[in-house]
Structure formats: structure tokens, C-alpha cells
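Engineer: structure_15.cif is reproduced in full below (mmCIF, C-alpha atoms).
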```cif
data_model
#
loop_
_atom_site.group_PDB
_atom_site.id
_atom_site.type_symbol
_atom_site.label_atom_id
_atom_site.label_comp_id
_atom_site.auth_asym_id
_atom_site.auth_seq_id
_atom_site.Cartn_x
_atom_site.Cartn_y
_atom_site.Cartn_z
ATOM 1 C CA MET I 1 59.798 -33.641 -116.739
ATOM 2 C CA LYS I 2 59.448 -30.289 -115.039
ATOM 3 C CA ILE I 3 57.375 -27.297 -116.189
ATOM 4 C CA ALA I 4 58.624 -23.719 -115.765
ATOM 5 C CA ARG I 5 55.599 -21.478 -116.225
ATOM 6 C CA ARG I 6 56.241 -18.010 -117.584
ATOM 7 C CA ALA I 7 54.468 -16.507 -114.577
ATOM 8 C CA GLY I 8 57.224 -17.985 -112.408
ATOM 9 C CA HIS I 9 60.213 -16.807 -114.469
ATOM 10 C CA LYS I 10 62.494 -14.581 -112.389
ATOM 11 C CA ARG I 11 62.686 -11.063 -113.858
ATOM 12 C CA MET I 12 65.851 -8.984 -113.572
ATOM 13 C CA ALA I 13 67.760 -6.157 -115.223
ATOM 14 C CA TRP I 14 70.494 -6.972 -117.730
ATOM 15 C CA LYS I 15 74.078 -7.115 -116.526
ATOM 16 C CA ASN I 16 74.649 -3.765 -118.329
ATOM 17 C CA GLY I 17 71.334 -2.332 -117.051
ATOM 18 C CA GLN I 18 69.927 -1.648 -120.533
ATOM 19 C CA GLY I 19 67.204 -4.284 -120.766
ATOM 20 C CA LEU I 20 65.071 -6.840 -118.932
ATOM 21 C CA THR I 21 65.511 -10.604 -118.693
ATOM 22 C CA GLU I 22 63.113 -13.350 -117.671
ATOM 23 C CA GLU I 23 65.243 -16.171 -116.284
ATOM 24 C CA VAL I 24 63.726 -19.532 -117.238
ATOM 25 C CA ALA I 25 66.306 -21.631 -115.390
ATOM 26 C CA ALA I 26 69.936 -21.604 -114.280
ATOM 27 C CA PHE I 27 72.420 -24.046 -112.793
ATOM 28 C CA PRO I 28 73.567 -24.309 -110.067
ATOM 29 C CA ALA I 29 70.341 -23.217 -108.348
ATOM 30 C CA GLY I 30 70.723 -19.758 -106.867
ATOM 31 C CA SER I 31 73.663 -18.823 -109.113
ATOM 32 C CA ASP I 32 73.952 -15.305 -110.475
ATOM 33 C CA VAL I 33 75.329 -13.931 -113.774
ATOM 34 C CA ASP I 34 78.900 -14.392 -112.536
ATOM 35 C CA SER I 35 78.587 -17.925 -111.157
ATOM 36 C CA PHE I 36 76.229 -19.974 -113.362
ATOM 37 C CA ASP I 37 77.343 -23.090 -115.248
ATOM 38 C CA TRP I 38 74.413 -22.499 -117.619
ATOM 39 C CA ARG I 39 71.551 -20.043 -117.854
ATOM 40 C CA LEU I 40 68.426 -20.034 -120.047
ATOM 41 C CA SER I 41 66.586 -16.741 -120.346
ATOM 42 C CA ILE I 42 64.221 -14.585 -122.387
ATOM 43 C CA ALA I 43 65.508 -11.078 -123.119
ATOM 44 C CA HIS I 44 63.364 -8.035 -123.854
ATOM 45 C CA VAL I 45 65.276 -5.651 -126.120
ATOM 46 C CA GLU I 46 63.536 -2.282 -125.958
ATOM 47 C CA ALA I 47 66.244 -0.131 -127.559
ATOM 48 C CA ASP I 48 69.434 -0.316 -129.619
ATOM 49 C CA GLY I 49 72.662 -0.730 -127.701
ATOM 50 C CA PRO I 50 75.544 -2.974 -126.604
ATOM 51 C CA PHE I 51 75.207 -6.550 -125.398
ATOM 52 C CA SER I 52 76.646 -7.401 -122.008
ATOM 53 C CA VAL I 53 80.064 -9.071 -122.259
ATOM 54 C CA PHE I 54 80.272 -12.530 -120.642
ATOM 55 C CA ALA I 55 83.919 -13.586 -120.676
ATOM 56 C CA GLY I 56 84.425 -17.352 -120.843
ATOM 57 C CA VAL I 57 80.807 -18.007 -121.839
ATOM 58 C CA ASP I 58 79.345 -19.428 -125.064
ATOM 59 C CA ARG I 59 75.972 -18.055 -126.146
ATOM 60 C CA THR I 60 73.196 -18.808 -128.628
ATOM 61 C CA ILE I 61 70.184 -16.586 -129.253
ATOM 62 C CA ALA I 62 67.048 -16.817 -131.369
ATOM 63 C CA LEU I 63 64.300 -14.286 -132.019
ATOM 64 C CA LEU I 64 60.972 -15.040 -130.337
ATOM 65 C CA ASP I 65 59.026 -11.870 -131.138
ATOM 66 C CA GLY I 66 59.423 -8.671 -133.162
ATOM 67 C CA ALA I 67 60.276 -7.596 -136.692
ATOM 68 C CA GLY I 68 63.953 -8.518 -136.393
ATOM 69 C CA LEU I 69 67.171 -7.930 -134.474
ATOM 70 C CA ALA I 70 70.455 -6.979 -136.175
ATOM 71 C CA LEU I 71 73.709 -7.848 -134.409
ATOM 72 C CA ASP I 72 76.761 -5.787 -135.305
ATOM 73 C CA LEU I 73 79.727 -8.091 -134.804
ATOM 74 C CA PRO I 74 83.343 -7.270 -133.892
ATOM 75 C CA GLU I 75 85.943 -6.844 -136.642
ATOM 76 C CA ARG I 76 88.028 -9.884 -135.707
ATOM 77 C CA LEU I 77 85.950 -13.012 -136.222
ATOM 78 C CA PRO I 78 86.530 -16.751 -136.740
ATOM 79 C CA GLU I 79 87.120 -17.796 -140.345
ATOM 80 C CA SER I 80 83.588 -19.218 -140.603
ATOM 81 C CA LEU I 81 82.166 -15.724 -140.087
ATOM 82 C CA GLN I 82 84.678 -13.653 -142.034
ATOM 83 C CA GLY I 83 82.916 -10.915 -143.977
ATOM 84 C CA ALA I 84 79.720 -11.227 -141.909
ATOM 85 C CA ARG I 85 79.853 -7.982 -139.945
ATOM 86 C CA THR I 86 76.097 -8.030 -139.272
ATOM 87 C CA VAL I 87 73.758 -10.938 -138.500
ATOM 88 C CA GLU I 88 69.984 -10.481 -138.637
ATOM 89 C CA LEU I 89 67.754 -12.583 -136.409
ATOM 90 C CA THR I 90 64.224 -13.129 -137.711
ATOM 91 C CA GLN I 91 61.122 -14.972 -136.568
ATOM 92 C CA GLY I 92 61.498 -18.505 -137.817
ATOM 93 C CA GLY I 93 65.198 -17.955 -138.544
ATOM 94 C CA ALA I 94 68.068 -20.101 -137.331
ATOM 95 C CA PRO I 95 69.540 -19.437 -133.863
ATOM 96 C CA PHE I 96 72.915 -17.668 -133.823
ATOM 97 C CA ALA I 97 75.817 -19.005 -131.731
ATOM 98 C CA PHE I 98 78.641 -16.701 -130.635
ATOM 99 C CA SER I 99 81.224 -16.070 -127.950
ATOM 100 C CA GLY I 100 80.200 -14.082 -124.886
ATOM 101 C CA ASP I 101 83.663 -12.499 -125.050
ATOM 102 C CA TRP I 102 82.691 -10.592 -128.191
ATOM 103 C CA THR I 103 81.732 -6.930 -128.088
ATOM 104 C CA ILE I 104 78.382 -6.842 -129.906
ATOM 105 C CA SER I 105 75.759 -4.145 -130.420
ATOM 106 C CA SER I 106 72.157 -4.821 -131.405
ATOM 107 C CA ARG I 107 69.595 -2.850 -133.423
ATOM 108 C CA ASN I 108 65.875 -3.513 -133.440
ATOM 109 C CA LEU I 109 64.489 -3.674 -136.974
ATOM 110 C CA GLY I 110 61.064 -2.135 -136.439
ATOM 111 C CA GLY I 111 60.270 -1.961 -132.734
ATOM 112 C CA PRO I 112 61.121 -3.879 -129.569
ATOM 113 C CA THR I 113 62.139 -7.546 -129.803
ATOM 114 C CA ILE I 114 62.194 -10.580 -127.533
ATOM 115 C CA ASP I 115 64.808 -13.316 -127.845
ATOM 116 C CA LEU I 116 65.731 -16.622 -126.243
ATOM 117 C CA ASN I 117 69.251 -16.843 -124.870
ATOM 118 C CA ILE I 118 71.193 -19.893 -123.654
ATOM 119 C CA MET I 119 74.603 -19.319 -122.045
ATOM 120 C CA THR I 120 77.052 -22.002 -120.913
ATOM 121 C CA ARG I 121 80.307 -21.528 -119.012
ATOM 122 C CA ARG I 122 83.147 -22.630 -121.306
ATOM 123 C CA GLY I 123 84.944 -25.714 -119.984
ATOM 124 C CA ARG I 124 81.972 -26.700 -117.818
ATOM 125 C CA CYS I 125 79.033 -27.148 -120.222
ATOM 126 C CA ILE I 126 78.198 -27.103 -123.915
ATOM 127 C CA HIS I 127 74.844 -26.466 -125.559
ATOM 128 C CA GLU I 128 72.876 -26.544 -128.790
ATOM 129 C CA MET I 129 69.685 -24.689 -129.735
ATOM 130 C CA ARG I 130 67.328 -25.718 -132.552
ATOM 131 C CA ARG I 131 64.070 -24.190 -133.754
ATOM 132 C CA LEU I 132 61.350 -26.752 -134.506
ATOM 133 C CA THR I 133 57.669 -26.849 -135.444
ATOM 134 C CA LEU I 134 55.628 -29.793 -134.181
ATOM 135 C CA ALA I 135 52.569 -30.828 -136.161
ATOM 136 C CA PRO I 136 49.423 -32.024 -134.348
ATOM 137 C CA GLY I 137 50.049 -35.588 -133.197
ATOM 138 C CA GLU I 138 53.841 -35.321 -133.528
ATOM 139 C CA THR I 139 56.007 -36.589 -130.673
ATOM 140 C CA LEU I 140 59.283 -35.026 -129.580
ATOM 141 C CA THR I 141 61.836 -37.226 -127.836
ATOM 142 C CA ALA I 142 64.683 -35.350 -126.179
ATOM 143 C CA PRO I 143 68.060 -36.309 -127.696
ATOM 144 C CA GLY I 144 69.751 -35.151 -124.497
ATOM 145 C CA ALA I 145 68.992 -33.340 -121.271
ATOM 146 C CA GLY I 146 67.737 -29.815 -121.727
ATOM 147 C CA TRP I 147 64.735 -27.585 -122.211
ATOM 148 C CA VAL I 148 61.915 -26.920 -124.647
ATOM 149 C CA VAL I 149 60.705 -23.308 -124.764
ATOM 150 C CA PHE I 150 57.337 -22.750 -126.432
ATOM 151 C CA ASN I 151 56.909 -19.801 -128.792
ATOM 152 C CA SER I 152 53.200 -20.509 -129.209
ATOM 153 C CA PRO I 153 50.434 -21.841 -126.965
ATOM 154 C CA ALA I 154 50.021 -25.602 -127.161
ATOM 155 C CA THR I 155 48.338 -28.610 -125.644
ATOM 156 C CA ILE I 156 50.711 -31.479 -124.999
ATOM 157 C CA GLU I 157 50.433 -34.993 -123.622
ATOM 158 C CA ALA I 158 53.172 -36.399 -121.411
ATOM 159 C CA ASP I 159 53.089 -39.507 -119.211
ATOM 160 C CA GLY I 160 49.396 -39.908 -120.007
ATOM 161 C CA GLN I 161 48.574 -36.409 -118.786
ATOM 162 C CA GLU I 162 47.303 -33.560 -120.975
ATOM 163 C CA LEU I 163 48.802 -30.145 -120.226
ATOM 164 C CA ALA I 164 47.915 -26.653 -121.442
ATOM 165 C CA ILE I 165 51.048 -24.700 -122.339
ATOM 166 C CA GLU I 166 51.240 -20.919 -122.712
ATOM 167 C CA ARG I 167 53.680 -19.011 -124.906
ATOM 168 C CA PHE I 168 57.109 -18.722 -123.222
ATOM 169 C CA ASP I 169 56.394 -21.603 -120.829
ATOM 170 C CA ALA I 170 59.231 -24.143 -120.788
ATOM 171 C CA ILE I 171 59.663 -27.799 -119.892
ATOM 172 C CA ALA I 172 62.807 -29.569 -118.730
ATOM 173 C CA LEU I 173 63.443 -32.973 -120.281
ATOM 174 C CA ASP I 174 65.962 -35.699 -119.553
ATOM 175 C CA ALA I 175 67.445 -37.644 -122.463
ATOM 176 C CA GLY I 176 64.821 -39.979 -123.893
ATOM 177 C CA GLU I 177 61.837 -38.237 -122.284
ATOM 178 C CA SER I 178 59.095 -37.284 -124.706
ATOM 179 C CA PHE I 179 55.800 -35.490 -125.161
ATOM 180 C CA SER I 180 53.208 -35.394 -127.929
ATOM 181 C CA ASN I 181 51.732 -32.245 -129.411
ATOM 182 C CA ARG I 182 47.949 -32.037 -129.645
ATOM 183 C CA ASN I 183 45.406 -29.936 -131.539
ATOM 184 C CA THR I 184 47.447 -27.215 -133.277
ATOM 185 C CA GLU I 185 50.959 -26.628 -134.623
ATOM 186 C CA ALA I 186 53.462 -25.857 -131.846
ATOM 187 C CA LYS I 187 56.465 -23.605 -132.381
ATOM 188 C CA ILE I 188 59.309 -24.538 -130.044
ATOM 189 C CA LEU I 189 62.998 -24.045 -129.401
ATOM 190 C CA LEU I 190 64.859 -27.139 -128.242
ATOM 191 C CA VAL I 191 67.929 -26.483 -126.079
ATOM 192 C CA THR I 192 70.203 -29.355 -125.100
ATOM 193 C CA ILE I 193 72.853 -28.902 -122.406
ATOM 194 C CA SER I 194 75.600 -31.349 -121.510
ATOM 195 C CA PRO I 195 78.834 -31.372 -119.496
ATOM 196 C CA ALA I 196 81.933 -30.281 -121.379
ATOM 197 C CA ALA I 197 84.171 -33.148 -122.458
#
```
Re-express the file's structure as C-alpha cells.
Structural biologist:
Amino acid sequence: MKIARRAGHKRMAWKNGQGLTEEVAAFPAGSDVDSFDWRLSIAHVEADGPFSVFAGVDRTIALLDGAGLALDLPERLPESLQGARTVELTQGGAPFAFSGDWTISSRNLGGPTIDLNIMTRRGRCIHEMRRLTLAPGETLTAPGAGWVVFNSPATIEADGQELAIERFDAIALDAGESFSNRNTEAKILLVTISPAA
């Protein structure tokens, strides 16, 4: 288990220069936006505008903070999304998976927003993101290798050690590793990453 404290997240401008990202982790180490196999980041969306296009990349995002974020989708979509020209991300809502090849614009629904973003290079890695709430005393066991990003402060116990977690801190877990939540309800996003078949 490894902890990535928010204070240590690398901050950088978006690929299109229209926002700020806190990079939680990326692989391989030292890779940039053109060379990563996967990248986990927290995006600060200050204004309406286009998303960066990431050809050959699969993405999933979930809202962490703010009133809501509307995504205006391209006209040509997979059958499962036909008719859904706009998707709204809300606090507590399900993460949204989409292709980085798509041309998408976003609109803040009542002020700036912050979202969690996992990107995996198609053909190299696949991912899944789930939003969970852990009750006091509840234990999470990682179903696969990946990350847990906290959307609330928490106190956890792992390997017999108690740790204070701040909002937007993250922990890396291998498959089967676990931690227990203590004291108060913990809001988390669980991201699993695995090699492509």
C-alpha cells in the first residue's frame, strides 16, 4: 500500500491550456500526456469549454466537487448512448466512461467544478471506476490493483496502523490488500487498472 498525499500531487496545465490538473499518479513513472499507459488525475474546471482530445485513450470521470458538470457529447455515438447528447455529472452520481477520441465540451452548472479522471491507453490497459461510501468499521478489499481516492477526510486502519487521510489523498492497493474505515463515513472512488487482454 502506498499513500499519495494531495500536497504531493503534481500540478500542471491541461493539454489544451484551459484548466489545471493535479496528477495523482501515472505509469510509466515520468511519462507525460503523450506517453502514459495510464494516468489518474484531479481536474479543476474553472470555465466552460472543450475537453482535450486523447486519441487512443479510454477515459472515465466523476464529479468530486461543485454543483454539477454537463458534458455535451458528439453527434455520432455508440448505440448504448444514442439520444443522450448531454450527460450531467453530479456529486454522488455514477462515473461516466467515454472515448478520449470524442470531441466533448463541458459546462459548469453553477460555478467551478472538480472531477476525478482516469485515462488508460487503449490496447495497453483497461480500467473501471466506482463510487463507494464506507461506513464506520467497514473494510474495503481491493478486487484488483488500483487506487482509492478519498472525497472526504477519513481515518483508516491498514496493516495494524491508523492513518489520517485528507480529502483528495489517494492510496494505491494491490489485489487483495485492504483497509478498514474508522470513526466517520468515508466517501471514496475506487479505480482498478489492469493490463489489456
Engineer: Would you translate the PyMOL selection byres ((chain I and resi 12) around 12) into the concrete set of residues it matches in this file, as a PyMOL selection string?
Structural biologist: chain I and resi 9-11+13-24+32-33+41-44
Engineer: Which residue out of I:Met1, I:Ala97, I:Leu116, I:Ala164 has the minimum interatomic distance to I:Leu40 when all atoms listed in the file are used?
Structural biologist: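 Answer, going by the shortest atom-to-atom distance: I:Leu116.
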Engineer: Counting all atoms listed in the file, which residues come within 10 Å of (51.7, -29.0, -128.2), with the point read in the file's coordinates, and could you list them as a PyMOL selection string?
Structural biologist: chain I and resi 133-140+150+152-157+162-166+179-188
Engineer: Go ahead and write the selection's residues with C-alpha atoms as an mmCIF file, in the coordinates of the input.
Structural biologist:
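Output file out_17.cif follows:
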```
data_model
loop_
_atom_site.group_PDB
_atom_site.id
_atom_site.type_symbol
_atom_site.label_atom_id
_atom_site.label_comp_id
_atom_site.auth_asym_id
_atom_site.auth_seq_id
_atom_site.Cartn_x
_atom_site.Cartn_y
_atom_site.Cartn_z
ATOM 1 C CA THR I 133 57.669 -26.849 -135.444
ATOM 2 C CA LEU I 134 55.628 -29.793 -134.181
ATOM 3 C CA ALA I 135 52.569 -30.828 -136.161
ATOM 4 C CA PRO I 136 49.423 -32.024 -134.348
ATOM 5 C CA GLY I 137 50.049 -35.588 -133.197
ATOM 6 C CA GLU I 138 53.841 -35.321 -133.528
ATOM 7 C CA THR I 139 56.007 -36.589 -130.673
ATOM 8 C CA LEU I 140 59.283 -35.026 -129.580
ATOM 9 C CA PHE I 150 57.337 -22.750 -126.432
ATOM 10 C CA SER I 152 53.200 -20.509 -129.209
ATOM 11 C CA PRO I 153 50.434 -21.841 -126.965
ATOM 12 C CA ALA I 154 50.021 -25.602 -127.161
ATOM 13 C CA THR I 155 48.338 -28.610 -125.644
ATOM 14 C CA ILE I 156 50.711 -31.479 -124.999
ATOM 15 C CA GLU I 157 50.433 -34.993 -123.622
ATOM 16 C CA GLU I 162 47.303 -33.560 -120.975
ATOM 17 C CA LEU I 163 48.802 -30.145 -120.226
ATOM 18 C CA ALA I 164 47.915 -26.653 -121.442
ATOM 19 C CA ILE I 165 51.048 -24.700 -122.339
ATOM 20 C CA GLU I 166 51.240 -20.919 -122.712
ATOM 21 C CA PHE I 179 55.800 -35.490 -125.161
ATOM 22 C CA SER I 180 53.208 -35.394 -127.929
ATOM 23 C CA ASN I 181 51.732 -32.245 -129.411
ATOM 24 C CA ARG I 182 47.949 -32.037 -129.645
ATOM 25 C CA ASN I 183 45.406 -29.936 -131.539
ATOM 26 C CA THR I 184 47.447 -27.215 -133.277
ATOM 27 C CA GLU I 185 50.959 -26.628 -134.623
ATOM 28 C CA ALA I 186 53.462 -25.857 -131.846
ATOM 29 C CA LYS I 187 56.465 -23.605 -132.381
ATOM 30 C CA ILE I 188 59.309 -24.538 -130.044
#
```
Engineer: Which distance in Å separates atom CA of I:Gln91 and atom CA of I:Gly176, to one decimal?
Structural biologist: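 Atom CA of I:Gly176 lies at a distance of 28.3 Å from atom CA of I:Gln91.
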Engineer: Rounded to one decimal in Å, what is the spacing between atom CA of I:Gly110 and atom CA of I:Pro50?
Structural biologist: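 Atom CA of I:Pro50 lies at a distance of 17.5 Å from atom CA of I:Gly110.
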Engineer: Would you kindly return, as number ranges by chain, each protein, DNA or RNA residue with an atom no farther than 12 Å from any atom of I:Arg59, considering all atoms listed in the file and excluding same-chain residues fewer than 3 positions away?
Structural biologist: I: 38-41, 51-56, 62, 95-102, 116-122, 125-129, 191, 193
Engineer: So how far away is atom CA of I:Gly68 from atom CA of I:Thr90, in Å?
Structural biologist: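 Rounded to one decimal, the two atoms are 4.8 Å apart.
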Engineer: Restricting the calculation to all atoms listed in the file, which member of I:Ala4, I:Leu189, I:Ala196, I:Val87 is positioned closest to I:Ala26?
Structural biologist: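 Once distances to I:Ala26 are computed over all atoms listed in the file, the minimum belongs to I:Ala4.
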Engineer: Choose the residue, out of I:Ala29, I:Leu89, I:Ala197, I:Val57, that has the smallest atom-to-atom separation from I:Leu109; count all atoms listed in the file.
Structural biologist: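 Looking at the shortest contact to I:Leu109, the residue is I:Leu89.
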Engineer: The PyMOL selection byres ((chain I and resi 143) around 10) on the file shown: which residues, as a list in words?
Structural biologist: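 Applying the expression gives Leu140, Thr141, Ala142, Gly144, Ala145, Gly146, Leu173, Asp174, Ala175, Gly176, Glu177, Ser178, Leu190, Val191 and Thr192 of chain I.
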Engineer: Of the residues I:Gly49, I:Pro28, I:Ser106, I:Gly93, which is the one nearest to I:Ala70, using all atoms listed in the file?
Structural biologist: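 Of I:Gly49, I:Pro28, I:Ser106, I:Gly93, the one nearest I:Ala70 is I:Ser106, counting all atoms listed in the file.
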Engineer: Calculated over all atoms listed in the file, which of the candidates I:Asp169, I:Asp159, I:Glu88, I:Glu75 has the smallest distance to I:Ile3?
Structural biologist: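 Ranking I:Asp169, I:Asp159, I:Glu88, I:Glu75 by distance to I:Ile3, first place goes to I:Asp169.
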Engineer: Write out as a list in words the residues lying within 8 Å of I:Thr86, counting all atoms listed in the file and excluding same-chain residues fewer than 4 positions away.
Structural biologist: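 Skipping anything fewer than 4 positions along the chain leaves Ala70, Leu71, Asp72 and Leu73 of chain I.
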Engineer: Tell me which of I:Asp48, I:Phe36, I:Gly92, I:Arg6 sits closest to I:Ile104, counting all atoms listed in the file.
Structural biologist: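 Among I:Asp48, I:Phe36, I:Gly92, I:Arg6, it is I:Asp48 that comes nearest to I:Ile104.
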